[in-house]
Structures are given as C-alpha cells and as structure tokens.
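Dropping work24.cif in here (mmCIF, all heavy atoms):
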data_input
loop_
_atom_site.label_atom_id
_atom_site.label_comp_id
_atom_site.auth_asym_id
_atom_site.auth_seq_id
_atom_site.Cartn_x
_atom_site.Cartn_y
_atom_site.Cartn_z
N MET A 833 -13.75 11.74 -38.07
CA MET A 833 -14.63 10.96 -37.18
C MET A 833 -14.47 9.48 -37.51
O MET A 833 -14.50 9.08 -38.65
CB MET A 833 -16.08 11.40 -37.40
CG MET A 833 -17.07 10.63 -36.58
SD MET A 833 -17.38 11.27 -34.96
CE MET A 833 -18.66 12.45 -35.19
N ILE A 834 -14.31 8.68 -36.48
CA ILE A 834 -14.15 7.24 -36.67
C ILE A 834 -15.44 6.54 -36.27
O ILE A 834 -16.01 6.83 -35.22
CB ILE A 834 -12.98 6.71 -35.80
CG1 ILE A 834 -11.68 7.37 -36.24
CG2 ILE A 834 -12.89 5.21 -35.86
CD1 ILE A 834 -10.51 7.08 -35.33
N ALA A 835 -15.89 5.61 -37.13
CA ALA A 835 -17.11 4.85 -36.80
C ALA A 835 -16.87 4.03 -35.54
O ALA A 835 -15.91 3.29 -35.44
CB ALA A 835 -17.47 3.95 -37.97
N GLN A 836 -17.75 4.17 -34.57
CA GLN A 836 -17.55 3.46 -33.31
C GLN A 836 -18.60 2.39 -33.07
O GLN A 836 -18.41 1.52 -32.23
CB GLN A 836 -17.59 4.45 -32.15
CG GLN A 836 -16.57 5.54 -32.36
CD GLN A 836 -16.01 6.09 -31.06
OE1 GLN A 836 -16.60 5.89 -30.02
NE2 GLN A 836 -14.89 6.75 -31.15
N ASP A 837 -19.69 2.46 -33.76
CA ASP A 837 -20.77 1.52 -33.47
C ASP A 837 -21.49 1.17 -34.76
O ASP A 837 -22.66 1.50 -34.95
CB ASP A 837 -21.73 2.17 -32.46
CG ASP A 837 -22.75 1.18 -31.93
OD1 ASP A 837 -22.54 -0.04 -32.08
OD2 ASP A 837 -23.76 1.64 -31.36
N PRO A 838 -20.77 0.51 -35.69
CA PRO A 838 -21.41 0.21 -36.97
C PRO A 838 -22.61 -0.72 -36.81
O PRO A 838 -22.58 -1.64 -36.00
CB PRO A 838 -20.31 -0.47 -37.78
CG PRO A 838 -19.34 -0.96 -36.78
CD PRO A 838 -19.43 -0.04 -35.60
N GLN A 839 -23.65 -0.44 -37.53
CA GLN A 839 -24.83 -1.30 -37.51
C GLN A 839 -24.83 -2.13 -38.79
O GLN A 839 -24.39 -1.67 -39.84
CB GLN A 839 -26.09 -0.46 -37.44
CG GLN A 839 -26.24 0.23 -36.10
CD GLN A 839 -27.60 0.85 -35.97
OE1 GLN A 839 -27.93 1.77 -36.69
NE2 GLN A 839 -28.38 0.34 -35.06
N CYS A 840 -25.34 -3.33 -38.70
CA CYS A 840 -25.29 -4.23 -39.84
C CYS A 840 -26.51 -5.15 -39.82
O CYS A 840 -26.92 -5.61 -38.75
CB CYS A 840 -24.00 -5.06 -39.76
SG CYS A 840 -23.88 -6.26 -41.09
N GLU A 841 -27.05 -5.42 -40.98
CA GLU A 841 -28.23 -6.30 -41.08
C GLU A 841 -27.86 -7.69 -41.59
O GLU A 841 -28.74 -8.51 -41.83
CB GLU A 841 -29.25 -5.68 -42.03
CG GLU A 841 -29.85 -4.40 -41.48
CD GLU A 841 -30.92 -3.81 -42.38
OE1 GLU A 841 -31.23 -4.42 -43.43
OE2 GLU A 841 -31.45 -2.75 -42.04
N VAL A 842 -26.59 -7.97 -41.76
CA VAL A 842 -26.18 -9.27 -42.29
C VAL A 842 -26.18 -10.28 -41.14
O VAL A 842 -25.16 -10.60 -40.54
CB VAL A 842 -24.80 -9.18 -42.97
CG1 VAL A 842 -24.45 -10.49 -43.64
CG2 VAL A 842 -24.77 -8.04 -43.98
N ASN A 843 -27.37 -10.79 -40.84
CA ASN A 843 -27.52 -11.58 -39.61
C ASN A 843 -27.05 -13.03 -39.71
O ASN A 843 -27.17 -13.79 -38.77
CB ASN A 843 -28.96 -11.51 -39.09
CG ASN A 843 -29.96 -12.07 -40.07
OD1 ASN A 843 -29.58 -12.61 -41.11
ND2 ASN A 843 -31.23 -11.95 -39.77
N ASN A 844 -26.45 -13.39 -40.84
CA ASN A 844 -25.82 -14.71 -40.91
C ASN A 844 -24.29 -14.60 -40.85
O ASN A 844 -23.57 -15.52 -41.20
CB ASN A 844 -26.25 -15.47 -42.18
CG ASN A 844 -25.75 -14.81 -43.43
OD1 ASN A 844 -25.68 -13.59 -43.52
ND2 ASN A 844 -25.39 -15.61 -44.42
N CYS A 845 -23.81 -13.46 -40.36
CA CYS A 845 -22.36 -13.28 -40.17
C CYS A 845 -22.01 -13.68 -38.74
O CYS A 845 -22.76 -13.40 -37.80
CB CYS A 845 -21.99 -11.81 -40.42
SG CYS A 845 -20.25 -11.45 -40.07
N THR A 846 -20.86 -14.30 -38.58
CA THR A 846 -20.36 -14.71 -37.26
C THR A 846 -20.32 -13.54 -36.28
O THR A 846 -20.53 -13.70 -35.08
CB THR A 846 -18.94 -15.29 -37.41
OG1 THR A 846 -19.01 -16.42 -38.27
CG2 THR A 846 -18.34 -15.72 -36.08
N TYR A 847 -20.04 -12.35 -36.77
CA TYR A 847 -19.87 -11.18 -35.90
C TYR A 847 -21.16 -10.43 -35.62
O TYR A 847 -21.17 -9.48 -34.86
CB TYR A 847 -18.86 -10.21 -36.53
CG TYR A 847 -17.50 -10.81 -36.69
CD1 TYR A 847 -17.00 -11.10 -37.95
CD2 TYR A 847 -16.71 -11.09 -35.58
CE1 TYR A 847 -15.75 -11.67 -38.10
CE2 TYR A 847 -15.47 -11.65 -35.72
CZ TYR A 847 -14.97 -11.94 -36.99
OH TYR A 847 -13.74 -12.50 -37.14
N TRP A 848 -22.23 -10.86 -36.24
CA TRP A 848 -23.49 -10.14 -36.07
C TRP A 848 -24.07 -10.40 -34.68
O TRP A 848 -24.01 -11.50 -34.16
CB TRP A 848 -24.48 -10.59 -37.15
CG TRP A 848 -25.77 -9.82 -37.12
CD1 TRP A 848 -26.01 -8.64 -37.77
CD2 TRP A 848 -26.97 -10.15 -36.43
NE1 TRP A 848 -27.30 -8.22 -37.53
CE2 TRP A 848 -27.91 -9.14 -36.70
CE3 TRP A 848 -27.35 -11.21 -35.61
CZ2 TRP A 848 -29.20 -9.15 -36.17
CZ3 TRP A 848 -28.63 -11.22 -35.08
CH2 TRP A 848 -29.53 -10.19 -35.36
N GLY A 849 -24.67 -9.35 -34.08
CA GLY A 849 -25.31 -9.49 -32.78
C GLY A 849 -26.69 -8.86 -32.78
O GLY A 849 -27.02 -8.01 -33.62
N THR A 850 -27.50 -9.28 -31.83
CA THR A 850 -28.87 -8.78 -31.70
C THR A 850 -28.91 -7.25 -31.71
O THR A 850 -28.06 -6.60 -31.11
CB THR A 850 -29.47 -9.30 -30.36
OG1 THR A 850 -29.37 -10.72 -30.37
CG2 THR A 850 -30.92 -8.89 -30.22
N GLY A 851 -29.90 -6.73 -32.40
CA GLY A 851 -30.03 -5.28 -32.51
C GLY A 851 -29.17 -4.71 -33.63
O GLY A 851 -28.84 -3.53 -33.63
N ASN A 852 -28.81 -5.59 -34.57
CA ASN A 852 -27.98 -5.18 -35.72
C ASN A 852 -26.62 -4.63 -35.30
O ASN A 852 -26.11 -3.67 -35.87
CB ASN A 852 -28.72 -4.18 -36.61
CG ASN A 852 -29.81 -4.85 -37.42
OD1 ASN A 852 -29.80 -6.07 -37.59
ND2 ASN A 852 -30.75 -4.08 -37.90
N LYS A 853 -26.05 -5.23 -34.27
CA LYS A 853 -24.71 -4.83 -33.82
C LYS A 853 -23.66 -5.63 -34.57
O LYS A 853 -23.84 -6.81 -34.85
CB LYS A 853 -24.53 -5.15 -32.32
CG LYS A 853 -25.52 -4.44 -31.42
CD LYS A 853 -25.04 -3.05 -31.12
CE LYS A 853 -25.96 -2.36 -30.13
NZ LYS A 853 -25.82 -0.92 -30.16
N CYS A 854 -22.55 -4.98 -34.88
CA CYS A 854 -21.38 -5.69 -35.40
C CYS A 854 -20.41 -5.85 -34.24
O CYS A 854 -19.97 -4.87 -33.65
CB CYS A 854 -20.73 -4.90 -36.53
SG CYS A 854 -19.17 -5.67 -37.04
N ASN A 855 -20.08 -7.08 -33.91
CA ASN A 855 -19.20 -7.35 -32.77
C ASN A 855 -17.74 -7.56 -33.17
O ASN A 855 -16.93 -7.95 -32.33
CB ASN A 855 -19.72 -8.57 -31.98
CG ASN A 855 -21.05 -8.27 -31.31
OD1 ASN A 855 -21.26 -7.18 -30.80
ND2 ASN A 855 -21.96 -9.23 -31.33
N ALA A 856 -17.41 -7.31 -34.42
CA ALA A 856 -16.01 -7.41 -34.83
C ALA A 856 -15.24 -6.23 -34.24
O ALA A 856 -15.79 -5.14 -34.03
CB ALA A 856 -15.92 -7.38 -36.35
N LYS A 857 -13.95 -6.42 -33.95
CA LYS A 857 -13.11 -5.33 -33.39
C LYS A 857 -12.92 -4.23 -34.42
O LYS A 857 -12.77 -3.06 -34.09
CB LYS A 857 -11.75 -5.87 -32.97
CG LYS A 857 -11.79 -6.55 -31.62
CD LYS A 857 -10.38 -6.74 -31.09
CE LYS A 857 -10.46 -7.23 -29.65
NZ LYS A 857 -9.13 -7.48 -29.10
N ALA A 858 -12.87 -4.61 -35.67
CA ALA A 858 -12.72 -3.65 -36.77
C ALA A 858 -13.33 -4.29 -38.00
O ALA A 858 -13.40 -5.52 -38.09
CB ALA A 858 -11.26 -3.33 -37.01
N ILE A 859 -13.77 -3.48 -38.92
CA ILE A 859 -14.29 -4.04 -40.16
C ILE A 859 -13.53 -3.44 -41.34
O ILE A 859 -13.01 -2.32 -41.26
CB ILE A 859 -15.81 -3.83 -40.33
CG1 ILE A 859 -16.19 -2.35 -40.31
CG2 ILE A 859 -16.58 -4.60 -39.28
CD1 ILE A 859 -17.63 -2.08 -40.69
N TYR A 860 -13.51 -4.19 -42.42
CA TYR A 860 -12.81 -3.78 -43.62
C TYR A 860 -13.84 -3.78 -44.75
O TYR A 860 -14.42 -4.82 -45.07
CB TYR A 860 -11.68 -4.76 -43.88
CG TYR A 860 -10.79 -4.46 -45.08
CD1 TYR A 860 -10.57 -3.16 -45.50
CD2 TYR A 860 -10.17 -5.49 -45.76
CE1 TYR A 860 -9.75 -2.89 -46.57
CE2 TYR A 860 -9.34 -5.23 -46.84
CZ TYR A 860 -9.13 -3.93 -47.23
OH TYR A 860 -8.31 -3.67 -48.30
N VAL A 861 -14.08 -2.62 -45.31
CA VAL A 861 -15.11 -2.48 -46.34
C VAL A 861 -14.44 -2.18 -47.68
O VAL A 861 -13.51 -1.35 -47.75
CB VAL A 861 -16.10 -1.35 -45.97
CG1 VAL A 861 -17.16 -1.20 -47.04
CG2 VAL A 861 -16.74 -1.65 -44.63
N VAL A 862 -14.90 -2.87 -48.71
CA VAL A 862 -14.30 -2.71 -50.03
C VAL A 862 -15.37 -2.38 -51.06
O VAL A 862 -16.56 -2.54 -50.81
CB VAL A 862 -13.57 -4.01 -50.46
CG1 VAL A 862 -12.43 -4.33 -49.52
CG2 VAL A 862 -14.55 -5.19 -50.53
N SER A 863 -14.92 -1.94 -52.22
CA SER A 863 -15.84 -1.71 -53.34
C SER A 863 -16.28 -3.05 -53.90
O SER A 863 -15.48 -3.99 -54.00
CB SER A 863 -15.15 -0.93 -54.44
OG SER A 863 -14.80 0.35 -53.99
N HIS A 864 -17.55 -3.13 -54.26
CA HIS A 864 -18.11 -4.36 -54.78
C HIS A 864 -17.38 -4.79 -56.05
O HIS A 864 -17.26 -4.02 -57.00
CB HIS A 864 -19.60 -4.12 -55.08
CG HIS A 864 -20.35 -5.35 -55.44
ND1 HIS A 864 -20.46 -6.43 -54.59
CD2 HIS A 864 -21.04 -5.68 -56.54
CE1 HIS A 864 -21.19 -7.36 -55.16
NE2 HIS A 864 -21.55 -6.94 -56.35
N LYS A 865 -16.87 -6.01 -56.05
CA LYS A 865 -16.16 -6.61 -57.18
C LYS A 865 -14.99 -5.74 -57.66
O LYS A 865 -14.62 -5.80 -58.85
CB LYS A 865 -17.13 -6.89 -58.33
CG LYS A 865 -18.15 -7.96 -57.95
CD LYS A 865 -19.06 -8.31 -59.10
CE LYS A 865 -20.02 -9.41 -58.68
NZ LYS A 865 -21.05 -9.67 -59.67
N GLY A 866 -14.42 -4.95 -56.77
CA GLY A 866 -13.24 -4.17 -57.12
C GLY A 866 -13.49 -2.97 -58.01
O GLY A 866 -12.57 -2.29 -58.44
N LYS A 867 -14.79 -2.70 -58.29
CA LYS A 867 -15.11 -1.55 -59.15
C LYS A 867 -15.29 -0.31 -58.30
O LYS A 867 -15.62 -0.40 -57.12
CB LYS A 867 -16.41 -1.81 -59.92
CG LYS A 867 -16.28 -2.92 -60.93
CD LYS A 867 -17.61 -3.13 -61.64
CE LYS A 867 -17.55 -4.32 -62.58
NZ LYS A 867 -18.84 -4.74 -63.05
N LYS A 868 -15.14 0.86 -58.90
CA LYS A 868 -15.34 2.11 -58.17
C LYS A 868 -16.80 2.19 -57.73
O LYS A 868 -17.71 2.09 -58.57
CB LYS A 868 -14.99 3.28 -59.08
CG LYS A 868 -15.04 4.61 -58.35
CD LYS A 868 -14.60 5.74 -59.28
CE LYS A 868 -14.70 7.07 -58.56
NZ LYS A 868 -14.30 8.17 -59.45
N ALA A 869 -17.03 2.39 -56.43
CA ALA A 869 -18.39 2.45 -55.92
C ALA A 869 -19.04 3.80 -56.23
O ALA A 869 -18.41 4.85 -56.10
CB ALA A 869 -18.38 2.22 -54.42
N SER A 870 -20.30 3.74 -56.67
CA SER A 870 -21.05 4.97 -56.94
C SER A 870 -22.10 5.22 -55.89
O SER A 870 -22.61 6.34 -55.77
CB SER A 870 -21.76 4.86 -58.29
OG SER A 870 -20.89 4.48 -59.29
N ASN A 871 -22.46 4.18 -55.16
CA ASN A 871 -23.48 4.35 -54.12
C ASN A 871 -23.28 3.26 -53.06
O ASN A 871 -22.44 2.38 -53.22
CB ASN A 871 -24.90 4.32 -54.72
CG ASN A 871 -25.15 3.04 -55.48
OD1 ASN A 871 -25.04 1.94 -54.91
ND2 ASN A 871 -25.47 3.14 -56.76
N ASN A 872 -24.09 3.31 -52.02
CA ASN A 872 -23.87 2.39 -50.89
C ASN A 872 -24.16 0.93 -51.23
O ASN A 872 -23.74 0.04 -50.49
CB ASN A 872 -24.68 2.85 -49.66
CG ASN A 872 -26.17 2.94 -49.95
OD1 ASN A 872 -26.63 2.67 -51.06
ND2 ASN A 872 -26.93 3.36 -48.96
N LYS A 873 -24.82 0.67 -52.33
CA LYS A 873 -25.07 -0.73 -52.73
C LYS A 873 -23.83 -1.36 -53.34
O LYS A 873 -23.79 -2.55 -53.58
CB LYS A 873 -26.22 -0.79 -53.73
CG LYS A 873 -27.55 -0.44 -53.08
CD LYS A 873 -28.66 -0.48 -54.11
CE LYS A 873 -29.97 -0.06 -53.45
NZ LYS A 873 -30.98 0.33 -54.41
N GLU A 874 -22.84 -0.55 -53.61
CA GLU A 874 -21.65 -1.05 -54.29
C GLU A 874 -20.45 -1.19 -53.36
O GLU A 874 -19.30 -1.11 -53.79
CB GLU A 874 -21.35 -0.13 -55.48
CG GLU A 874 -22.48 -0.18 -56.51
CD GLU A 874 -22.27 0.74 -57.70
OE1 GLU A 874 -21.26 1.45 -57.75
OE2 GLU A 874 -23.15 0.73 -58.57
N THR A 875 -20.74 -1.36 -52.07
CA THR A 875 -19.68 -1.62 -51.10
C THR A 875 -19.97 -2.92 -50.38
O THR A 875 -21.13 -3.32 -50.23
CB THR A 875 -19.54 -0.47 -50.08
OG1 THR A 875 -20.74 -0.36 -49.33
CG2 THR A 875 -19.24 0.85 -50.76
N ASP A 876 -18.93 -3.59 -49.94
CA ASP A 876 -19.07 -4.89 -49.28
C ASP A 876 -18.17 -4.95 -48.05
O ASP A 876 -17.07 -4.41 -48.05
CB ASP A 876 -18.62 -6.03 -50.21
CG ASP A 876 -19.48 -6.15 -51.45
OD1 ASP A 876 -20.71 -6.05 -51.33
OD2 ASP A 876 -18.91 -6.33 -52.53
N CYS A 877 -18.64 -5.67 -47.04
CA CYS A 877 -17.83 -5.89 -45.85
C CYS A 877 -16.95 -7.13 -46.06
O CYS A 877 -17.46 -8.23 -46.20
CB CYS A 877 -18.71 -6.10 -44.63
SG CYS A 877 -17.74 -6.42 -43.15
N LYS A 878 -15.67 -6.91 -46.07
CA LYS A 878 -14.74 -8.02 -46.30
C LYS A 878 -14.46 -8.80 -45.01
O LYS A 878 -13.88 -9.88 -45.04
CB LYS A 878 -13.43 -7.48 -46.88
CG LYS A 878 -12.66 -8.53 -47.64
CD LYS A 878 -11.55 -7.91 -48.45
CE LYS A 878 -10.88 -9.00 -49.27
NZ LYS A 878 -9.82 -8.48 -50.10
N THR A 879 -14.88 -8.27 -43.89
CA THR A 879 -14.68 -8.95 -42.60
C THR A 879 -15.72 -10.06 -42.40
O THR A 879 -15.55 -10.92 -41.54
CB THR A 879 -14.77 -7.92 -41.46
OG1 THR A 879 -13.88 -6.83 -41.78
CG2 THR A 879 -14.35 -8.50 -40.13
N PHE A 880 -16.76 -10.04 -43.20
CA PHE A 880 -17.84 -11.04 -43.11
C PHE A 880 -17.29 -12.47 -43.07
O PHE A 880 -16.46 -12.85 -43.88
CB PHE A 880 -18.77 -10.88 -44.32
CG PHE A 880 -19.77 -12.00 -44.47
CD1 PHE A 880 -20.90 -12.04 -43.70
CD2 PHE A 880 -19.54 -13.03 -45.39
CE1 PHE A 880 -21.83 -13.08 -43.84
CE2 PHE A 880 -20.44 -14.07 -45.54
CZ PHE A 880 -21.59 -14.09 -44.77
N VAL A 881 -17.79 -13.22 -42.10
CA VAL A 881 -17.51 -14.67 -42.02
C VAL A 881 -18.84 -15.35 -41.83
O VAL A 881 -19.56 -15.05 -40.87
CB VAL A 881 -16.58 -15.00 -40.83
CG1 VAL A 881 -16.39 -16.50 -40.70
CG2 VAL A 881 -15.24 -14.30 -40.96
N PRO A 882 -19.23 -16.24 -42.74
CA PRO A 882 -20.54 -16.87 -42.60
C PRO A 882 -20.63 -17.70 -41.33
O PRO A 882 -19.66 -18.35 -40.95
CB PRO A 882 -20.67 -17.75 -43.85
CG PRO A 882 -19.29 -17.90 -44.37
CD PRO A 882 -18.49 -16.73 -43.90
N GLU A 883 -21.77 -17.63 -40.71
CA GLU A 883 -22.03 -18.44 -39.52
C GLU A 883 -22.07 -19.90 -39.92
O GLU A 883 -22.62 -20.24 -40.97
CB GLU A 883 -23.41 -18.04 -38.96
CG GLU A 883 -23.43 -17.78 -37.51
CD GLU A 883 -24.79 -17.26 -37.10
OE1 GLU A 883 -25.78 -17.49 -37.80
OE2 GLU A 883 -24.84 -16.60 -36.07
N ILE A 884 -21.51 -20.74 -39.09
CA ILE A 884 -21.50 -22.17 -39.43
C ILE A 884 -22.80 -22.82 -38.97
O ILE A 884 -23.30 -22.53 -37.92
CB ILE A 884 -20.32 -22.91 -38.76
CG1 ILE A 884 -19.02 -22.17 -39.08
CG2 ILE A 884 -20.22 -24.33 -39.25
CD1 ILE A 884 -17.83 -22.62 -38.26
S1 LIG A 901 -18.24 -8.15 -39.93
FE1 LIG A 901 -19.30 -7.01 -41.56
S2 LIG A 901 -20.93 -8.37 -42.26
FE2 LIG A 901 -20.23 -9.10 -40.27
S3 LIG A 901 -21.60 -8.15 -38.78
FE3 LIG A 901 -19.80 -6.83 -38.96
S4 LIG A 901 -20.34 -5.32 -40.54
FE4 LIG A 901 -21.78 -7.02 -40.70
#
Here is a file; write its structure as structure tokens.
Ligand code: SF4
Amino acid sequence: MIAQDPQCEVNNCTYWGTGNKCNAKAIYVVSHKGKKASNNKETDCKTFVPEI
C-alpha cells in the first residue's frame, strides 16, 4: 500500500496546507539523526522546507 494522502502538522513547512495536508508530490522520511528509529518520534521528513 502506498501512502496517498499524508497528513502533517508541521505548519511552517512550505508544502503544508490547511487541514494538515502535505502538498508535496512526494515526501522523503528518514530516521532521526541517522539512528535506527524505535518509534514514530524518531523519524523526520527530509522534504521539509521552512516557509520564508
Ligand atoms: S514536506 Fe514533510 S514537513 Fe512538509 S508538509 Fe509535507 S510531510 Fe510535512
């Protein structure tokens, strides 16, 4: 199953949209600080671009 409608609360990202929508065409998620993730707090969206 491929994620088709990811929701995101990072509302200072350029790709963020109302209703917690991610408007990026694709997202790239990595382990926090390159360490093996043990839970959902240890993953990060690398597609994030801060809003100017
Ligand atoms: S690119 Fe990542 S951080 Fe930005 S809105 Fe989409 S999921 Fe959230």
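Using all heavy atoms for every distance, the candidate list A:Asn855, A:Ile884, A:Lys867, A:Gln836 yields A:Asn855 as the residue closest to ligand LIG 901 (chain A).
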Protein and nucleic acid residues within 3.5 Å of ligand LIG 901 (chain A) (all atoms listed in the file) as a short mmCIF file (atom, residue, chain, number, x, y, z; two decimals) with all heavy atoms, in the frame of the given file:
data_model
loop_
_atom_site.label_atom_id
_atom_site.label_comp_id
_atom_site.auth_asym_id
_atom_site.auth_seq_id
_atom_site.Cartn_x
_atom_site.Cartn_y
_atom_site.Cartn_z
N CYS A 840 -25.34 -3.33 -38.70
CA CYS A 840 -25.29 -4.23 -39.84
C CYS A 840 -26.51 -5.15 -39.82
O CYS A 840 -26.92 -5.61 -38.75
CB CYS A 840 -24.00 -5.06 -39.76
SG CYS A 840 -23.88 -6.26 -41.09
N CYS A 845 -23.81 -13.46 -40.36
CA CYS A 845 -22.36 -13.28 -40.17
C CYS A 845 -22.01 -13.68 -38.74
O CYS A 845 -22.76 -13.40 -37.80
CB CYS A 845 -21.99 -11.81 -40.42
SG CYS A 845 -20.25 -11.45 -40.07
N CYS A 854 -22.55 -4.98 -34.88
CA CYS A 854 -21.38 -5.69 -35.40
C CYS A 854 -20.41 -5.85 -34.24
O CYS A 854 -19.97 -4.87 -33.65
CB CYS A 854 -20.73 -4.90 -36.53
SG CYS A 854 -19.17 -5.67 -37.04
N CYS A 877 -18.64 -5.67 -47.04
CA CYS A 877 -17.83 -5.89 -45.85
C CYS A 877 -16.95 -7.13 -46.06
O CYS A 877 -17.46 -8.23 -46.20
CB CYS A 877 -18.71 -6.10 -44.63
SG CYS A 877 -17.74 -6.42 -43.15
#
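Taking only chain A, the residues that DSSP calls strand (DSSP E) from the backbone come to Trp848, Gly849, Lys853, Cys854, Val861, Val862, Ser863, Thr875, Asp876 and Cys877 of chain A.
In this model, the gap between atom CA of A:Lys873 and atom CE of A:Lys857 comes to 28.1 Å.
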For A:Lys865, please output as a ChimeraX atom specification all residues within 6 Å (counting all atoms listed in the file; exclusion window: fewer than 2 positions along the same chain).
/A:863,867,874,876
Box along x, y and z, 5 Å on every side, all listed atoms of stretch 836-846 of chain A inside: centre and edge lengths in Å to one decimal, as AutoDock Vina command-line options.
--center_x -23.2 --center_y -4.8 --center_z -37.2 --size_x 26.6 --size_y 33.2 --size_z 24.4
re atom CE1 of A:Phe880 and atom O of A:Lys853: distance 11.1 Å
To one decimal place, how far is atom CG2 of A:Thr879 from atom CG of A:His864 in Å?
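Result for atom CG2 of A:Thr879 versus atom CG of A:His864: 16.7 Å, one decimal.
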Only N, CA, C and O atoms needed: put stretch 852-863 of chain A from the block into a file as a tab-separated table (two decimals), in the first residue's frame.
chain	number	residue	atom	x	y	z
A	852	ASN	N	-4.07	20.18	7.61
A	852	ASN	CA	-2.92	19.29	7.79
A	852	ASN	C	-2.61	18.46	6.53
A	852	ASN	O	-2.26	17.29	6.61
A	853	LYS	N	-2.76	19.09	5.38
A	853	LYS	CA	-2.43	18.43	4.12
A	853	LYS	C	-0.96	18.66	3.79
A	853	LYS	O	-0.43	19.75	4.02
A	854	CYS	N	-0.33	17.66	3.22
A	854	CYS	CA	1.00	17.83	2.65
A	854	CYS	C	0.83	17.97	1.14
A	854	CYS	O	0.30	17.06	0.49
A	855	ASN	N	1.27	19.08	0.59
A	855	ASN	CA	1.09	19.33	-0.85
A	855	ASN	C	2.33	18.99	-1.67
A	855	ASN	O	2.37	19.30	-2.86
A	856	ALA	N	3.31	18.36	-1.07
A	856	ALA	CA	4.48	17.93	-1.84
A	856	ALA	C	4.08	16.74	-2.72
A	856	ALA	O	3.18	15.96	-2.38
A	857	LYS	N	4.72	16.60	-3.88
A	857	LYS	CA	4.41	15.48	-4.80
A	857	LYS	C	4.83	14.15	-4.18
A	857	LYS	O	4.24	13.11	-4.42
A	858	ALA	N	5.89	14.19	-3.40
A	858	ALA	CA	6.39	13.00	-2.71
A	858	ALA	C	7.14	13.48	-1.48
A	858	ALA	O	7.63	14.62	-1.46
A	859	ILE	N	7.22	12.65	-0.49
A	859	ILE	CA	7.99	13.02	0.69
A	859	ILE	C	9.04	11.96	0.96
A	859	ILE	O	8.88	10.79	0.59
A	860	TYR	N	10.10	12.39	1.61
A	860	TYR	CA	11.22	11.51	1.92
A	860	TYR	C	11.39	11.55	3.44
A	860	TYR	O	11.67	12.61	4.01
A	861	VAL	N	11.21	10.42	4.07
A	861	VAL	CA	11.26	10.36	5.53
A	861	VAL	C	12.49	9.55	5.95
A	861	VAL	O	12.78	8.50	5.37
A	862	VAL	N	13.20	10.08	6.93
A	862	VAL	CA	14.44	9.44	7.38
A	862	VAL	C	14.39	9.21	8.89
A	862	VAL	O	13.56	9.78	9.59
A	863	SER	N	15.31	8.40	9.36
A	863	SER	CA	15.47	8.20	10.80
A	863	SER	C	16.10	9.43	11.41
A	863	SER	O	17.01	10.03	10.82
